[in-house]
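Below is entry-v8.txt, holding compact mmCIF, C-alpha atoms.
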# COMPACT_ATOMS: atom_id res chain seq x y z
CA MET A 107 -10.22 5.50 29.90
CA LYS A 108 -11.81 2.27 28.74
CA THR A 109 -13.56 1.90 25.38
CA LEU A 110 -15.72 -1.11 24.59
CA ILE A 111 -16.26 -2.28 21.00
CA SER A 112 -19.10 -4.78 21.19
CA ASN A 113 -20.96 -7.21 18.92
CA GLY A 114 -18.49 -6.98 16.03
CA LEU A 115 -16.95 -9.68 13.86
CA ILE A 116 -13.32 -9.51 15.02
CA ILE A 117 -10.96 -10.61 12.24
CA ASP A 118 -7.25 -10.83 13.00
CA PRO A 119 -5.31 -12.99 10.52
CA SER A 120 -2.13 -12.58 12.57
CA GLN A 121 -3.79 -14.76 15.24
CA ASN A 122 -5.94 -16.82 12.87
CA TYR A 123 -8.91 -15.31 14.71
CA SER A 124 -12.35 -14.65 13.26
CA GLU A 125 -15.20 -14.57 15.76
CA GLN A 126 -18.14 -12.50 16.93
CA ALA A 127 -16.72 -10.96 20.09
CA ASP A 128 -16.14 -7.84 22.19
CA LEU A 129 -12.92 -5.85 22.53
CA ILE A 130 -11.72 -3.46 25.23
CA ILE A 131 -9.27 -0.58 24.68
CA GLU A 132 -7.46 1.09 27.57
CA ASN A 133 -4.62 3.64 27.53
CA GLY A 134 -4.13 3.29 23.79
CA ARG A 135 -3.76 -0.49 23.81
CA VAL A 136 -5.94 -3.56 23.41
CA LEU A 137 -6.77 -4.61 26.97
CA ASP A 138 -8.59 -7.82 26.10
CA ILE A 139 -10.82 -9.66 23.62
CA GLY A 140 -13.65 -11.90 24.77
CA SER A 141 -17.05 -13.35 24.08
CA LYS A 142 -20.16 -11.19 24.26
CA GLY A 143 -20.92 -10.12 27.83
CA LYS A 144 -17.47 -10.94 29.22
CA PHE A 145 -16.77 -7.28 30.00
CA SER A 146 -20.20 -6.38 31.40
CA GLY A 147 -18.73 -5.49 34.79
CA LEU A 148 -16.03 -3.11 33.46
CA LYS A 149 -18.29 -0.08 32.92
CA PRO A 150 -16.42 1.53 30.02
CA GLU A 151 -16.57 5.28 29.48
CA GLU A 152 -17.25 4.79 25.77
CA THR A 153 -19.09 2.04 23.90
CA PHE A 154 -19.27 1.34 20.17
CA ASP A 155 -21.88 -1.09 18.90
CA ALA A 156 -20.15 -2.91 16.04
CA ASN A 157 -23.12 -5.06 15.08
CA GLY A 158 -22.81 -5.82 11.35
CA LEU A 159 -19.25 -4.46 11.25
CA TRP A 160 -15.84 -6.09 10.93
CA VAL A 161 -13.36 -5.16 13.66
CA VAL A 162 -9.89 -5.51 12.14
CA PRO A 163 -6.30 -4.38 12.68
CA GLY A 164 -5.71 -0.90 11.27
CA LEU A 165 -4.91 -1.21 7.58
CA VAL A 166 -1.29 -0.97 6.38
CA ASP A 167 -0.18 0.47 3.02
CA LEU A 168 3.41 -0.29 2.02
CA HIS A 169 3.61 2.14 -0.88
CA VAL A 170 2.49 5.77 -0.77
CA HIS A 171 3.86 9.07 -2.03
CA PHE A 172 3.15 11.97 0.32
CA ARG A 173 5.41 14.32 -1.70
CA GLU A 174 6.67 16.30 1.29
CA PRO A 175 9.17 17.89 1.23
CA GLY A 176 9.48 19.39 -2.24
CA PHE A 177 6.17 18.68 -3.99
CA GLU A 178 3.59 19.92 -1.51
CA GLY A 179 1.41 21.21 -4.34
CA LYS A 180 0.57 17.58 -5.12
CA GLU A 181 0.24 16.28 -1.54
CA ASN A 182 1.71 16.72 1.91
CA VAL A 183 1.89 14.64 5.06
CA GLU A 184 -1.28 16.17 6.49
CA SER A 185 -3.49 15.74 3.42
CA GLY A 186 -2.07 12.29 2.74
CA SER A 187 -2.67 11.21 6.34
CA LYS A 188 -6.28 12.38 6.13
CA ALA A 189 -6.81 10.28 3.01
CA ALA A 190 -5.15 7.31 4.68
CA VAL A 191 -7.20 7.29 7.87
CA LEU A 192 -10.47 7.87 6.01
CA GLY A 193 -9.56 4.81 3.95
CA GLY A 194 -9.09 2.78 7.14
CA TYR A 195 -5.28 3.02 7.27
CA THR A 196 -3.38 3.56 10.50
CA THR A 197 0.07 2.82 9.05
CA VAL A 198 1.52 3.88 5.69
CA CYS A 199 5.04 3.63 4.27
CA ALA A 200 6.25 6.73 2.43
CA MET A 201 8.53 6.35 -0.58
CA PRO A 202 11.69 8.50 -0.77
CA ASN A 203 11.02 10.38 -4.04
CA THR A 204 10.81 13.73 -2.29
CA LYS A 205 12.90 16.79 -3.05
CA PRO A 206 15.50 16.40 -1.72
CA VAL A 207 15.41 12.61 -1.83
CA ASN A 208 15.16 10.92 1.57
CA ASP A 209 18.75 9.67 1.67
CA ASN A 210 19.83 11.15 5.01
CA ALA A 211 18.84 10.85 8.66
CA TYR A 212 17.81 14.50 8.95
CA LEU A 213 15.12 14.13 6.32
CA THR A 214 13.94 10.81 7.76
CA ARG A 215 13.49 12.37 11.18
CA TYR A 216 11.70 15.36 9.63
CA MET A 217 9.12 13.07 8.00
CA ILE A 218 8.52 11.13 11.22
CA GLU A 219 8.17 14.31 13.27
CA LYS A 220 5.82 15.85 10.73
CA ALA A 221 3.56 12.79 10.85
CA ALA A 222 3.60 12.86 14.66
CA GLN A 223 2.47 16.50 14.60
CA VAL A 224 -0.44 15.61 12.31
CA GLY A 225 -1.23 12.63 14.55
CA LEU A 226 -3.66 10.75 12.32
CA CYS A 227 -1.63 7.67 11.41
CA SER A 228 1.92 6.33 11.46
CA VAL A 229 3.93 7.47 8.43
CA LEU A 230 6.98 5.23 8.20
CA PRO A 231 9.73 6.43 5.84
CA ILE A 232 11.31 4.14 3.27
CA GLY A 233 14.84 5.42 2.73
CA ALA A 234 16.55 5.83 -0.63
CA LEU A 235 18.75 2.83 -1.35
CA THR A 236 21.26 4.98 -3.25
CA LYS A 237 22.26 8.60 -2.85
CA GLY A 238 19.85 10.82 -4.71
CA SER A 239 18.21 7.61 -6.03
CA LEU A 240 20.77 7.79 -8.83
CA GLY A 241 21.77 4.13 -8.60
CA LYS A 242 25.49 4.82 -8.25
CA GLU A 243 26.43 4.89 -4.57
CA MET A 244 24.70 3.35 -1.58
CA SER A 245 23.05 5.71 0.87
CA PRO A 246 24.21 5.55 4.53
CA LEU A 247 21.84 2.67 5.22
CA SER A 248 22.77 2.11 8.88
CA GLU A 249 22.27 5.80 9.63
CA LEU A 250 18.90 5.81 7.87
CA ARG A 251 17.81 2.66 9.65
CA GLU A 252 18.71 4.11 13.03
CA ALA A 253 16.80 7.30 12.18
CA GLY A 254 13.63 5.31 11.51
CA CYS A 255 13.56 4.00 7.92
CA ILE A 256 11.72 0.69 7.87
CA ALA A 257 12.94 -0.41 4.42
CA PHE A 258 14.94 0.86 1.43
CA SER A 259 14.05 1.60 -2.17
CA ASP A 260 14.87 3.91 -5.05
CA ASP A 261 11.13 3.88 -5.75
CA GLY A 262 10.54 4.41 -9.48
CA GLU A 263 14.23 4.08 -10.31
CA PRO A 264 15.38 0.46 -10.69
CA ILE A 265 18.89 -0.52 -9.58
CA TYR A 266 20.65 -1.40 -12.85
CA ASP A 267 24.00 -2.20 -11.24
CA ALA A 268 23.70 -5.83 -10.14
CA GLY A 269 26.90 -5.58 -8.09
CA LEU A 270 25.52 -2.62 -6.15
CA MET A 271 22.24 -4.48 -5.59
CA ARG A 272 24.14 -7.49 -4.29
CA ARG A 273 26.11 -5.35 -1.81
CA ALA A 274 22.93 -3.59 -0.70
CA LEU A 275 21.20 -6.91 -0.04
CA GLU A 276 24.18 -8.15 1.97
CA TRP A 277 24.28 -4.92 3.96
CA CYS A 278 20.53 -4.90 4.64
CA SER A 279 20.68 -8.53 5.75
CA MET A 280 22.90 -7.50 8.65
CA PHE A 281 20.11 -5.50 10.26
CA GLY A 282 17.08 -7.30 8.91
CA ALA A 283 15.94 -4.66 6.43
CA VAL A 284 14.02 -5.28 3.22
CA ILE A 285 14.70 -3.76 -0.22
CA CYS A 286 11.52 -2.72 -2.06
CA CYS A 287 12.05 -3.02 -5.81
CA HIS A 288 10.44 -1.13 -8.68
CA GLU A 289 11.09 -3.72 -11.35
CA GLU A 290 11.51 -2.12 -14.75
CA ASP A 291 14.31 -2.31 -17.28
CA LYS A 292 13.96 1.18 -18.71
CA THR A 293 16.15 0.31 -21.69
CA LEU A 294 13.12 -1.74 -22.76
CA THR A 295 10.42 0.77 -21.79
CA ARG A 296 12.16 3.99 -22.83
CA GLY A 297 9.48 6.42 -24.02
CA GLY A 298 6.66 3.97 -23.32
CA VAL A 299 3.38 5.18 -21.86
CA MET A 300 1.12 2.09 -21.81
CA ASN A 301 1.29 -1.68 -22.08
CA GLU A 302 2.97 -2.81 -25.30
CA SER A 303 0.36 -4.71 -27.31
CA ALA A 304 -1.74 -4.65 -30.44
CA LEU A 305 -3.85 -2.02 -28.67
CA SER A 306 -0.89 0.31 -28.11
CA ALA A 307 -0.03 0.02 -31.81
CA ARG A 308 -3.62 0.78 -32.77
CA LEU A 309 -3.73 3.82 -30.46
CA GLY A 310 -0.40 5.08 -31.73
CA LEU A 311 1.13 5.08 -28.24
CA PRO A 312 4.64 3.76 -27.45
CA GLY A 313 4.45 0.59 -25.37
CA MET A 314 6.05 -0.78 -22.21
CA PRO A 315 6.54 -4.55 -22.68
CA THR A 316 5.85 -7.00 -19.87
CA VAL A 317 9.36 -8.46 -20.24
CA ALA A 318 10.81 -5.19 -18.90
CA GLU A 319 9.29 -6.09 -15.53
CA ASP A 320 9.88 -9.82 -15.74
CA VAL A 321 13.64 -9.70 -16.36
CA MET A 322 14.25 -7.43 -13.37
CA VAL A 323 12.08 -9.56 -11.09
CA ALA A 324 14.06 -12.63 -12.17
CA ARG A 325 17.41 -10.93 -11.53
CA ASP A 326 16.52 -9.68 -8.06
CA ILE A 327 15.08 -13.03 -7.05
CA GLU A 328 18.37 -14.68 -8.00
CA LEU A 329 20.35 -12.07 -6.09
CA ALA A 330 18.14 -12.68 -3.06
CA ARG A 331 18.77 -16.42 -3.46
CA TYR A 332 22.53 -15.88 -3.57
CA THR A 333 22.81 -13.34 -0.74
CA LYS A 334 19.97 -14.69 1.42
CA GLY A 335 18.73 -11.11 1.57
CA LYS A 336 15.08 -10.17 1.33
CA VAL A 337 13.39 -8.36 -1.55
CA HIS A 338 9.86 -7.04 -1.74
CA ILE A 339 8.56 -6.69 -5.29
CA CYS A 340 6.48 -3.55 -5.68
CA HIS A 341 3.26 -3.38 -7.73
CA VAL A 342 3.53 -6.70 -9.59
CA SER A 343 1.58 -6.33 -12.84
CA THR A 344 2.36 -9.33 -15.09
CA ALA A 345 1.43 -12.99 -14.99
CA ARG A 346 5.06 -14.01 -15.52
CA SER A 347 6.41 -11.84 -12.68
CA LEU A 348 3.89 -13.36 -10.30
CA GLU A 349 4.85 -16.86 -11.40
CA LEU A 350 8.52 -16.05 -10.76
CA VAL A 351 7.63 -14.88 -7.24
CA ARG A 352 5.53 -17.99 -6.64
CA ARG A 353 8.40 -20.28 -7.68
CA ALA A 354 10.89 -18.31 -5.59
CA LYS A 355 8.73 -18.74 -2.50
CA ASN A 356 8.53 -22.47 -3.17
CA ASP A 357 12.34 -22.48 -3.27
CA GLY A 358 12.50 -20.77 0.13
CA ILE A 359 13.87 -17.47 -1.21
CA LEU A 360 13.08 -14.43 0.94
CA VAL A 361 10.71 -12.61 -1.40
CA THR A 362 7.33 -10.95 -0.93
CA CYS A 363 5.19 -8.94 -3.31
CA GLU A 364 2.35 -6.45 -3.49
CA VAL A 365 -0.28 -5.68 -6.09
CA THR A 366 -2.40 -2.55 -6.53
CA PRO A 367 -6.20 -2.52 -6.74
CA HIS A 368 -6.07 -0.83 -10.14
CA HIS A 369 -3.99 -3.65 -11.60
CA LEU A 370 -6.63 -6.06 -10.30
CA HIS A 371 -9.65 -4.16 -11.62
CA LEU A 372 -8.56 -2.37 -14.79
CA THR A 373 -7.01 -3.44 -18.08
CA GLU A 374 -5.22 -1.64 -20.89
CA GLU A 375 -8.62 -1.15 -22.54
CA CYS A 376 -9.13 1.79 -20.15
CA VAL A 377 -6.56 3.73 -22.18
CA CYS A 378 -8.75 3.66 -25.31
CA GLU A 379 -10.21 7.09 -24.55
CA TYR A 380 -6.73 8.49 -23.83
CA ASP A 381 -7.77 9.14 -20.23
CA THR A 382 -4.57 10.17 -18.46
CA ASN A 383 -5.98 8.80 -15.18
CA SER A 384 -5.36 5.43 -16.78
CA LYS A 385 -1.64 6.18 -17.16
CA MET A 386 0.53 4.59 -14.51
CA SER A 387 3.81 2.74 -14.07
CA PRO A 388 3.73 -0.21 -14.33
CA PRO A 389 1.00 0.26 -16.92
CA LEU A 390 -2.41 -1.38 -16.93
CA ARG A 391 -1.92 -4.77 -18.52
CA SER A 392 -3.94 -7.36 -20.47
CA GLU A 393 -6.97 -9.30 -19.27
CA THR A 394 -4.72 -12.38 -19.04
CA ASP A 395 -2.45 -10.60 -16.56
CA VAL A 396 -5.41 -9.38 -14.50
CA ILE A 397 -6.82 -12.89 -14.25
CA ALA A 398 -3.42 -14.21 -13.13
CA LEU A 399 -3.13 -11.53 -10.43
CA ARG A 400 -6.59 -12.35 -9.12
CA GLN A 401 -5.55 -15.99 -8.90
CA GLY A 402 -2.53 -14.82 -6.91
CA LEU A 403 -4.87 -13.27 -4.35
CA LYS A 404 -6.71 -16.54 -4.07
CA ASP A 405 -3.74 -18.88 -3.71
CA GLY A 406 -1.75 -16.62 -1.37
CA SER A 407 1.11 -15.83 -3.74
CA ILE A 408 0.44 -12.11 -3.22
CA ASP A 409 1.35 -10.85 0.25
CA ALA A 410 -0.10 -7.37 0.26
CA ILE A 411 -2.36 -4.82 -1.35
CA ALA A 412 -0.66 -1.44 -1.80
CA SER A 413 -2.12 1.69 -3.34
CA ASP A 414 1.01 3.20 -4.92
CA HIS A 415 -0.86 6.39 -3.98
CA ALA A 416 0.63 8.89 -6.46
CA PRO A 417 -1.03 12.30 -6.30
CA HIS A 418 -0.55 14.77 -9.16
CA GLU A 419 -1.97 18.23 -9.71
CA LEU A 420 -4.46 18.71 -12.55
CA ASP A 421 -1.94 20.47 -14.80
CA SER A 422 0.29 17.39 -14.96
CA LYS A 423 -2.63 15.16 -16.00
CA ASN A 424 -4.66 17.54 -18.17
CA VAL A 425 -2.25 17.25 -21.10
CA GLU A 426 -1.60 14.90 -24.02
CA PHE A 427 -1.36 11.27 -22.91
CA CYS A 428 2.34 10.95 -23.73
CA LYS A 429 3.19 14.06 -21.68
CA ALA A 430 1.06 13.27 -18.63
CA SER A 431 2.54 12.14 -15.31
CA PHE A 432 2.33 8.48 -14.33
CA GLY A 433 0.17 7.45 -11.38
CA ILE A 434 -3.15 7.73 -9.55
CA ILE A 435 -4.33 8.15 -5.98
CA GLY A 436 -5.86 5.22 -4.10
CA LEU A 437 -5.93 5.46 -0.31
CA GLN A 438 -9.67 6.16 -0.07
CA THR A 439 -10.67 3.48 -2.58
CA ASN A 440 -8.39 0.50 -1.82
CA LEU A 441 -10.69 -1.08 0.75
CA PRO A 442 -13.93 -1.28 -1.29
CA LEU A 443 -12.06 -2.38 -4.41
CA ILE A 444 -10.65 -5.37 -2.52
CA LEU A 445 -13.99 -6.12 -0.84
CA ASP A 446 -15.36 -6.70 -4.35
CA PHE A 447 -13.31 -9.91 -4.38
CA VAL A 448 -14.92 -11.03 -1.13
CA ARG A 449 -18.38 -10.51 -2.60
CA ASP A 450 -17.57 -12.53 -5.71
CA ARG A 451 -15.91 -15.21 -3.50
CA THR A 452 -12.47 -14.92 -5.07
CA ILE A 453 -11.14 -14.53 -1.51
CA SER A 454 -12.56 -14.77 2.01
CA ALA A 455 -13.01 -11.92 4.48
CA VAL A 456 -9.98 -13.21 6.41
CA GLN A 457 -7.86 -13.21 3.25
CA ALA A 458 -8.95 -9.64 2.44
CA VAL A 459 -7.98 -8.39 5.91
CA ASN A 460 -4.67 -10.24 5.65
CA LEU A 461 -3.89 -8.57 2.30
CA LEU A 462 -4.77 -5.13 3.65
CA SER A 463 -3.24 -5.32 7.11
CA SER A 464 -1.41 -8.33 8.55
CA GLY A 465 0.27 -9.33 5.28
CA PRO A 466 1.77 -5.91 4.54
CA ALA A 467 3.04 -5.59 8.11
CA ARG A 468 4.63 -9.03 7.91
CA SER A 469 6.26 -8.26 4.55
CA LEU A 470 8.38 -5.43 5.92
CA GLY A 471 8.53 -6.53 9.56
CA ILE A 472 6.40 -3.64 10.82
CA GLU A 473 4.87 -3.72 14.30
CA ALA A 474 1.31 -3.42 13.04
CA GLY A 475 -1.42 -5.58 11.54
CA THR A 476 -2.61 -7.21 14.78
CA ILE A 477 -5.11 -6.60 17.57
CA LYS A 478 -3.79 -9.17 20.01
CA LYS A 479 -3.93 -8.42 23.70
CA GLY A 480 -1.43 -5.68 24.62
CA SER A 481 -0.93 -4.43 21.07
CA MET A 482 -1.34 -0.79 20.08
CA ALA A 483 -5.04 -0.06 19.58
CA ASN A 484 -4.87 0.71 15.87
CA ILE A 485 -8.27 -0.62 14.88
CA THR A 486 -10.56 -0.18 11.89
CA LEU A 487 -14.28 -0.93 11.95
CA ILE A 488 -15.49 -1.79 8.46
CA ASP A 489 -19.04 -1.74 7.16
CA PRO A 490 -18.64 -4.26 4.31
CA ASP A 491 -22.01 -3.51 2.72
CA PHE A 492 -22.25 0.28 2.89
CA GLU A 493 -22.92 1.70 -0.58
CA TRP A 494 -21.38 5.01 -1.60
CA SER A 495 -20.19 6.90 -4.63
CA LEU A 496 -16.77 8.53 -4.99
CA LYS A 497 -17.16 12.23 -5.70
CA ALA A 498 -14.32 14.66 -6.34
CA GLU A 499 -15.39 16.77 -3.36
CA SER A 500 -15.15 13.75 -1.03
CA ILE A 501 -11.47 13.22 -1.89
CA VAL A 502 -9.32 14.79 0.83
CA SER A 503 -6.03 14.40 -1.03
CA LYS A 504 -4.82 17.60 -2.64
CA SER A 505 -4.97 15.79 -5.98
CA LYS A 506 -7.98 14.13 -7.60
CA ASN A 507 -6.27 11.94 -10.20
CA THR A 508 -8.27 8.73 -10.11
CA PRO A 509 -10.26 6.84 -12.74
CA PHE A 510 -12.82 5.85 -10.09
CA ILE A 511 -14.69 9.16 -9.65
CA GLY A 512 -18.39 8.43 -10.04
CA ARG A 513 -17.99 4.71 -9.31
CA ILE A 514 -20.42 3.07 -6.87
CA PHE A 515 -18.57 1.25 -4.10
CA ASN A 516 -19.65 -1.22 -1.44
CA GLY A 517 -17.70 -1.19 1.81
CA ILE A 518 -16.21 1.63 3.87
CA ALA A 519 -14.13 2.31 6.96
CA LYS A 520 -16.80 3.48 9.42
CA HIS A 521 -14.73 4.07 12.56
CA VAL A 522 -10.94 4.20 12.93
CA PHE A 523 -8.92 4.23 16.14
CA TYR A 524 -5.27 5.25 16.09
CA LYS A 525 -3.34 4.56 19.29
CA GLY A 526 -6.71 4.15 20.98
CA VAL A 527 -7.99 7.57 19.91
CA LEU A 528 -11.01 7.78 17.63
CA LYS A 529 -9.86 9.53 14.43
CA VAL A 530 -12.76 8.62 12.11
CA GLN A 531 -16.37 8.31 13.24
CA ASN A 532 -19.16 7.43 10.83
CA SER A 533 -16.64 7.81 7.98
CA LYS A 534 -15.78 11.41 8.87
CA LEU A 535 -12.69 12.87 10.53
CA THR A 536 -13.31 13.62 14.20
CA GLY A 537 -10.67 16.31 14.75
CA ASN A 538 -9.23 14.38 17.70
Would you mind writing the file's structure down as structure tokens?
Amino acid sequence: MKTLISNGLIIDPSQNYSEQADLIIENGRVLDIGSKGKFSGLKPEETFDANGLWVVPGLVDLHVHFREPGFEGKENVESGSKAAVLGGYTTVCAMPNTKPVNDNAYLTRYMIEKAAQVGLCSVLPIGALTKGSLGKEMSPLSELREAGCIAFSDDGEPIYDAGLMRRALEWCSMFGAVICCHEEDKTLTRGGVMNESALSARLGLPGMPTVAEDVMVARDIELARYTKGKVHICHVSTARSLELVRRAKNDGILVTCEVTPHHLHLTEECVCEYDTNSKMSPPLRSETDVIALRQGLKDGSIDAIASDHAPHELDSKNVEFCKASFGIIGLQTNLPLILDFVRDRTISAVQAVNLLSSGPARSLGIEAGTIKKGSMANITLIDPDFEWSLKAESIVSKSKNTPFIGRIFNGIAKHVFYKGVLKVQNSKLTGN
């Protein structure tokens, strides 16, 4: 079956392509891209008029928590996949902080098979770097890689043992794998619940200093320099960490980084009302840090936008601030939050698509983030101007922990194709 997507603005940063054109899908793949009218003789079975829409590679999120197995009350693969595809995502990378931890091939294969059964998007497991994510003994990395893990991380648990980190980088280099690093020296943040500052002192809340992130970023960059391994820095939140990444790239070190939309839009001031949906790790930082991160979008120092989608049930958030769980959800709001920076001309449309799709895929070496001829037809059609409001009932995740409920957004994923099959039409799940 042939499907024609016509009259859209096709944006594919992987090919440096941004033109008004038509696109043909056949048998789950991109058959061809051409100027308007080129395919008039093909007589497709299905036609989508993309006038006023962006036609882009399916979005890629490098950092989600789908909680299955072990914490299905918060989220599972099915509910998480629904949130992903409604947000325009056709590929997401699932962190290993499940129960049990994803440190064995059996569990990796279970996650892949579960996602295939749901069939809404690709859920690519990130394997635990150490057994049980305890930071003491390396997981069977070759076995995990063969089973389907696309990268390795202990997620929210930093690797304190520099010798172990060195060996892991050397091992991963042998098969081209990336280590995703949560950079936090917890001896400096122990007991902290928000950014350490004059505000945290005024609110009476223990702080998490920026240096706790910076020192770990510096260490892992130097280990990557020494081993020639590759590190991906998760959810960069400080001006200094970003500057360290920028300098490392200039030195030719194999390092990439991601930033979350909430660290680009929100500051520590959001904690003033003790709203637990403003509690996350790393914490919301100062206005100075936010400005620096936005500059990183502009100058290309930041490779990817990632949600750090962290669903939690109401009971774990509806408590005192110090006792609440860290994290918020983000899959359904990432896209419009980044489009804000296109509207204010911080970045271009091409840069936005790169940050949301091609850049993330490139960071971890994933076969995604492109709509070149012959590629898998994972395609998102974006209405960049559509205005909508986030309501609790429109969130398909099992959890509703977000500070953005009630916010007016501009920009939405209107149609989403996964492997050539329409999964979202007019911003609603199709059931296909």
Mind checking which residues fall within 12 Å of region 488-495 of chain A, counting all atoms listed in the file, ignoring those fewer than 6 positions away in the same chain, and posting them as an NGL selection string?
:A and (114-117 or 156-165 or 192-195 or 438-439 or 441-449 or 455 or 458-459 or 501 or 510-523 or 530-533)
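The space separating CA of Val456 (chain A) from CA of Ala127 (chain A) comes to 15.4 Å.
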Residue among A:Lys529, A:Lys220, A:Arg296, A:Arg215 lying closest to Thr196 (chain A), counting all atoms listed in the file
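Of the candidates, the smallest distance to Thr196 (chain A) is held by A:Lys529.
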Emit as JSON the padded axis-aligned box for all listed atoms of region 365-371 of chain A, 4 Å per side, with centre and edge lengths in Å to one decimal.
{"center_x": -5.0, "center_y": -3.4, "center_z": -8.9, "size_x": 17.4, "size_y": 13.2, "size_z": 13.5}
How close does each residue of region 295-408 of chain A get to region 251-268 of chain A, giving the shortest atom pair and distance in Å to one decimal for every residue with an atom at most 10 Å away, counting all atoms listed in the file, sorted by chain and residue number, as a tab-separated table?
residue	atom	partner	partner_atom	distance
A:Met322	CA	A:Pro264	CA	8.4
A:Arg325	CA	A:Ala268	CA	8.2
A:Asp326	CA	A:Ala268	CA	8.4
A:Leu329	CA	A:Ala268	CA	8.2
A:Val337	CA	A:Phe258	CA	9.8
A:His338	CA	A:Ala257	CA	9.6
A:Cys340	CA	A:Asp261	CA	8.8
A:Ser387	CA	A:Gly262	CA	8.3
A:Pro388	CA	A:Gly262	CA	9.6
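Taking CA of Gly225 (chain A) as the reference point, CA of Ile472 (chain A) is found at 18.4 Å.
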